[in-house]
>>> print(open('target-v2.pdb').read())   # PDB, C-alpha atoms, pLDDT in the B column
ATOM      1  CA  MET A1477     -11.882 126.831  80.016  1.00 56.00           C
ATOM      2  CA  SER A1478     -15.315 125.348  79.367  1.00 60.00           C
ATOM      3  CA  MET A1479     -18.447 127.178  78.242  1.00 57.00           C
ATOM      4  CA  ASP A1480     -19.882 126.370  81.687  1.00 63.00           C
ATOM      5  CA  ASP A1481     -17.364 128.859  83.157  1.00 64.00           C
ATOM      6  CA  PHE A1482     -19.238 131.657  81.369  1.00 79.00           C
ATOM      7  CA  ILE A1483     -22.471 131.272  83.351  1.00 94.00           C
ATOM      8  CA  PRO A1484     -23.351 134.151  85.715  1.00 96.00           C
ATOM      9  CA  MET A1485     -24.369 133.157  89.254  1.00 97.00           C
ATOM     10  CA  ILE A1486     -25.862 134.640  92.416  1.00 98.00           C
ATOM     11  CA  PHE A1487     -24.751 133.478  95.848  1.00 98.00           C
ATOM     12  CA  PHE A1488     -26.575 134.031  99.130  1.00 98.00           C
ATOM     13  CA  VAL A1489     -24.461 134.323 102.281  1.00 98.00           C
ATOM     14  CA  THR A1490     -25.740 135.314 105.727  1.00 98.00           C
ATOM     15  CA  THR A1491     -23.580 137.050 108.340  1.00 98.00           C
ATOM     16  CA  PRO A1492     -24.028 137.788 112.042  1.00 98.00           C
ATOM     17  CA  ASP A1493     -23.640 141.566 111.611  1.00 98.00           C
ATOM     18  CA  ASN A1494     -23.036 144.391 109.151  1.00 97.00           C
ATOM     19  CA  LYS A1495     -19.313 144.692 109.958  1.00 98.00           C
ATOM     20  CA  THR A1496     -18.714 141.077 108.910  1.00 98.00           C
ATOM     21  CA  ALA A1497     -20.786 141.490 105.734  1.00 98.00           C
ATOM     22  CA  VAL A1498     -18.899 144.641 104.691  1.00 98.00           C
ATOM     23  CA  GLU A1499     -15.501 143.048 105.384  1.00 98.00           C
ATOM     24  CA  LEU A1500     -16.387 139.932 103.380  1.00 98.00           C
ATOM     25  CA  ALA A1501     -17.900 141.982 100.545  1.00 98.00           C
ATOM     26  CA  ASN A1502     -14.828 144.209 100.287  1.00 98.00           C
ATOM     27  CA  GLY A1503     -12.501 141.194 100.187  1.00 98.00           C
ATOM     28  CA  ILE A1504     -14.603 139.448  97.553  1.00 98.00           C
ATOM     29  CA  VAL A1505     -14.926 142.479  95.257  1.00 97.00           C
ATOM     30  CA  GLN A1506     -11.300 143.634  95.679  1.00 97.00           C
ATOM     31  CA  ARG A1507     -10.093 140.182  94.588  1.00 96.00           C
ATOM     32  CA  LYS A1508     -12.549 140.208  91.634  1.00 96.00           C
ATOM     33  CA  ILE A1509     -14.117 137.007  92.921  1.00 97.00           C
ATOM     34  CA  ALA A1510     -17.408 138.820  92.337  1.00 98.00           C
ATOM     35  CA  ALA A1511     -18.514 141.866  90.387  1.00 97.00           C
ATOM     36  CA  CYS A1512     -20.879 143.136  93.076  1.00 97.00           C
ATOM     37  CA  THR A1513     -22.200 142.334  96.527  1.00 98.00           C
ATOM     38  CA  ASN A1514     -25.409 143.770  97.985  1.00 98.00           C
ATOM     39  CA  ILE A1515     -26.006 143.691 101.735  1.00 98.00           C
ATOM     40  CA  ILE A1516     -29.511 143.545 103.173  1.00 98.00           C
ATOM     41  CA  HIS A1517     -29.536 144.553 106.836  1.00 96.00           C
ATOM     42  CA  LYS A1518     -31.427 142.937 109.672  1.00 94.00           C
ATOM     43  CA  ILE A1519     -33.168 139.902 108.300  1.00 98.00           C
ATOM     44  CA  THR A1520     -34.606 137.342 110.704  1.00 98.00           C
ATOM     45  CA  SER A1521     -33.350 133.777 110.296  1.00 97.00           C
ATOM     46  CA  ILE A1522     -35.149 130.834 111.883  1.00 97.00           C
ATOM     47  CA  TYR A1523     -33.261 127.562 111.559  1.00 96.00           C
ATOM     48  CA  TRP A1524     -32.298 124.265 113.119  1.00 96.00           C
ATOM     49  CA  TRP A1525     -28.795 124.139 114.626  1.00 95.00           C
ATOM     50  CA  GLU A1526     -27.330 121.614 117.040  1.00 95.00           C
ATOM     51  CA  GLY A1527     -30.686 120.030 117.801  1.00 97.00           C
ATOM     52  CA  LYS A1528     -32.744 123.150 118.487  1.00 98.00           C
ATOM     53  CA  ILE A1529     -34.573 125.895 116.635  1.00 98.00           C
ATOM     54  CA  ASN A1530     -32.784 129.251 116.695  1.00 97.00           C
ATOM     55  CA  THR A1531     -34.017 132.729 115.786  1.00 98.00           C
ATOM     56  CA  ASP A1532     -31.338 135.293 114.982  1.00 97.00           C
ATOM     57  CA  SER A1533     -30.953 138.701 113.390  1.00 97.00           C
ATOM     58  CA  GLU A1534     -28.531 138.473 110.474  1.00 98.00           C
ATOM     59  CA  ASN A1535     -27.519 140.297 107.313  1.00 98.00           C
ATOM     60  CA  LEU A1536     -27.908 138.793 103.850  1.00 98.00           C
ATOM     61  CA  MET A1537     -25.258 139.176 101.172  1.00 98.00           C
ATOM     62  CA  ILE A1538     -26.322 138.816  97.538  1.00 98.00           C
ATOM     63  CA  ILE A1539     -23.167 138.172  95.539  1.00 98.00           C
ATOM     64  CA  LYS A1540     -22.974 138.324  91.728  1.00 98.00           C
ATOM     65  CA  THR A1541     -20.197 136.243  90.169  1.00 97.00           C
ATOM     66  CA  SER A1542     -19.470 133.671  87.472  1.00 96.00           C
ATOM     67  CA  LYS A1543     -19.407 129.897  87.581  1.00 95.00           C
ATOM     68  CA  LYS A1544     -15.664 130.162  86.947  1.00 94.00           C
ATOM     69  CA  LYS A1545     -15.173 132.078  90.229  1.00 96.00           C
ATOM     70  CA  SER A1546     -17.687 130.074  92.287  1.00 97.00           C
ATOM     71  CA  ASP A1547     -15.089 127.753  93.855  1.00 97.00           C
ATOM     72  CA  ASP A1548     -12.933 130.761  94.768  1.00 97.00           C
ATOM     73  CA  LEU A1549     -15.955 132.422  96.369  1.00 98.00           C
ATOM     74  CA  ILE A1550     -16.864 129.336  98.389  1.00 98.00           C
ATOM     75  CA  ALA A1551     -13.258 128.987  99.587  1.00 98.00           C
ATOM     76  CA  PHE A1552     -13.094 132.682 100.535  1.00 98.00           C
ATOM     77  CA  ILE A1553     -16.321 132.415 102.561  1.00 98.00           C
ATOM     78  CA  LYS A1554     -15.173 129.188 104.244  1.00 98.00           C
ATOM     79  CA  ASN A1555     -11.800 130.709 105.204  1.00 98.00           C
ATOM     80  CA  ASN A1556     -12.999 134.166 106.288  1.00 98.00           C
ATOM     81  CA  HIS A1557     -16.503 133.745 107.722  1.00 98.00           C
ATOM     82  CA  PRO A1558     -16.944 133.580 111.512  1.00 98.00           C
ATOM     83  CA  TYR A1559     -19.622 130.847 111.399  1.00 97.00           C
ATOM     84  CA  LYS A1560     -18.573 127.224 111.782  1.00 96.00           C
ATOM     85  CA  VAL A1561     -20.847 126.332 108.823  1.00 97.00           C
ATOM     86  CA  PRO A1562     -21.726 129.513 106.897  1.00 97.00           C
ATOM     87  CA  GLU A1563     -24.566 129.648 104.423  1.00 97.00           C
ATOM     88  CA  CYS A1564     -23.114 129.888 100.922  1.00 98.00           C
ATOM     89  CA  ILE A1565     -25.644 128.919  98.266  1.00 98.00           C
ATOM     90  CA  GLY A1566     -25.131 129.508  94.546  1.00 98.00           C
ATOM     91  CA  ILE A1567     -27.782 129.673  91.845  1.00 98.00           C
ATOM     92  CA  LYS A1568     -27.177 129.982  88.109  1.00 97.00           C
ATOM     93  CA  ILE A1569     -28.713 133.070  86.536  1.00 96.00           C
ATOM     94  CA  THR A1570     -30.782 131.959  83.556  1.00 94.00           C
ATOM     95  CA  LYS A1571     -32.301 135.329  82.569  1.00 95.00           C
ATOM     96  CA  GLY A1572     -31.429 138.971  82.996  1.00 95.00           C
ATOM     97  CA  LEU A1573     -30.562 142.238  81.313  1.00 95.00           C
ATOM     98  CA  GLN A1574     -27.785 141.215  78.927  1.00 94.00           C
ATOM     99  CA  PRO A1575     -25.486 144.233  79.489  1.00 95.00           C
ATOM    100  CA  TYR A1576     -25.630 143.643  83.259  1.00 96.00           C
ATOM    101  CA  LEU A1577     -24.906 139.930  82.910  1.00 94.00           C
ATOM    102  CA  GLN A1578     -22.037 140.766  80.554  1.00 94.00           C
ATOM    103  CA  TRP A1579     -20.639 143.193  83.146  1.00 95.00           C
ATOM    104  CA  ILE A1580     -20.596 140.393  85.732  1.00 95.00           C
ATOM    105  CA  MET A1581     -18.837 138.088  83.285  1.00 93.00           C
ATOM    106  CA  ASP A1582     -16.306 140.710  82.172  1.00 93.00           C
ATOM    107  CA  LEU A1583     -15.209 141.350  85.749  1.00 93.00           C
ATOM    108  CA  THR A1584     -15.032 137.718  86.827  1.00 92.00           C
ATOM    109  CA  THR A1585     -13.641 135.877  83.809  1.00 81.00           C
ATOM    110  CA  GLU A1586     -10.405 137.697  83.113  1.00 71.00           C
ATOM    111  CA  ARG A1587      -8.320 135.859  80.586  1.00 53.00           C
TER     112      ARG A1587
END
>>> encode(input="target-v2.pdb", output="structure tokens")
Amino acid sequence: MSMDDFIPMIFFVTTPDNKTAVELANGIVQRKIAACTNIIHKITSIYWWEGKINTDSENLMIIKTSKKKSDDLIAFIKNNHPYKVPECIGIKITKGLQPYLQWIMDLTTER
């Protein structure tokens, strides 16, 4: 295991509805792929898809995990999300309240 595995991350994933977001979040947290998932209801997404601009109501998942679990998270989203190409974007957390960041790491880097 490299030191890079011990980097906390946030992932953003959009879903078509709340039911999908809750199902994905439960699966992710139950498997300890992430320590926590927040769901923001009813965002508006405007994006290019298949040659045209679309405007849709979606939900946004904010998922807290570790670099070590990031590949597992991406695979889970790919295999369980209803979209053909779901949004799944990860960003390394470079600052935060240390006890909270440690909590994320403790739950997602079991040895």
>>> closest_residue(input="target-v2.pdb", among="A:Thr1570, A:Ser1546, A:Gln1578, A:Thr1490", to="Ile1504 (chain A)", atoms="only C-alpha atoms")
A:Ser1546
>>> closest_residue(input="target-v2.pdb", among="A:Met1485, A:Ile1509, A:Leu1500, A:Asp1493", to="Lys1568 (chain A)", atoms="all atoms listed in the file")
A:Met1485
>>> resolve_selection(input="target-v2.pdb", expression="the PyMOL selection byres ((chain A and resi 1515) around 10)", output="PDB file with C-alpha atoms, in the frame of the given file")
ATOM      1  CA  VAL A1489     -24.461 134.323 102.281  1.00 98.00           C
ATOM      2  CA  THR A1490     -25.740 135.314 105.727  1.00 98.00           C
ATOM      3  CA  THR A1491     -23.580 137.050 108.340  1.00 98.00           C
ATOM      4  CA  ASN A1494     -23.036 144.391 109.151  1.00 97.00           C
ATOM      5  CA  ALA A1497     -20.786 141.490 105.734  1.00 98.00           C
ATOM      6  CA  VAL A1498     -18.899 144.641 104.691  1.00 98.00           C
ATOM      7  CA  ALA A1501     -17.900 141.982 100.545  1.00 98.00           C
ATOM      8  CA  THR A1513     -22.200 142.334  96.527  1.00 98.00           C
ATOM      9  CA  ASN A1514     -25.409 143.770  97.985  1.00 98.00           C
ATOM     10  CA  ILE A1516     -29.511 143.545 103.173  1.00 98.00           C
ATOM     11  CA  HIS A1517     -29.536 144.553 106.836  1.00 96.00           C
ATOM     12  CA  LYS A1518     -31.427 142.937 109.672  1.00 94.00           C
ATOM     13  CA  ASN A1535     -27.519 140.297 107.313  1.00 98.00           C
ATOM     14  CA  LEU A1536     -27.908 138.793 103.850  1.00 98.00           C
ATOM     15  CA  MET A1537     -25.258 139.176 101.172  1.00 98.00           C
ATOM     16  CA  ILE A1538     -26.322 138.816  97.538  1.00 98.00           C
ATOM     17  CA  ILE A1539     -23.167 138.172  95.539  1.00 98.00           C
TER      18      ILE A1539
END
>>> resolve_selection(input="target-v2.pdb", expression="the PyMOL selection byres ((chain A and resi 1484) around 9)", output="list in words")
Asp1481, Phe1482, Ile1483, Met1485, Ile1486, Lys1540, Thr1541, Ser1542, Lys1543, Lys1544, Ile1567, Lys1568, Ile1569, Thr1570, Leu1577, Gln1578, Ile1580 and Met1581 of chain A
>>> resolve_selection(input="target-v2.pdb", expression="the PyMOL selection byres ((chain A and resi 1562) around 12)", output="list in words")
Phe1488, Val1489, Thr1490, Thr1491, Pro1492, Trp1525, Glu1534, Leu1536, Met1537, Ile1550, Ala1551, Phe1552, Ile1553, Lys1554, Asn1555, Asn1556, His1557, Pro1558, Tyr1559, Lys1560, Val1561, Glu1563, Cys1564 and Ile1565 of chain A
>>> atom_distance(input="target-v2.pdb", atom1="CA of Thr1496 (chain A)", atom2="CA of Gly1572 (chain A)")
28.9 Å
>>> atom_distance(input="target-v2.pdb", atom1="CA of Cys1512 (chain A)", atom2="CA of Trp1579 (chain A)")
9.9 Å
>>> atom_distance(input="target-v2.pdb", atom1="CA of Thr1585 (chain A)", atom2="CA of Asp1548 (chain A)")
12.1 Å
>>> closest_residue(input="target-v2.pdb", among="A:Asn1502, A:Glu1526, A:Lys1545, A:Arg1507", to="Phe1487 (chain A)", atoms="all atoms listed in the file")
A:Lys1545
>>> axis_aligned_box(input="target-v2.pdb", around="region 1559-1562 of chain A", padding_each_side="5 Å", output="JSON")
{"center_x": -20.1, "center_y": 128.6, "center_z": 109.3, "size_x": 13.2, "size_y": 14.5, "size_z": 14.9}
>>> closest_residue(input="target-v2.pdb", among="A:Ile1529, A:Ile1522, A:Leu1549, A:Leu1573", to="Lys1508 (chain A)", atoms="all atoms listed in the file")
A:Leu1549
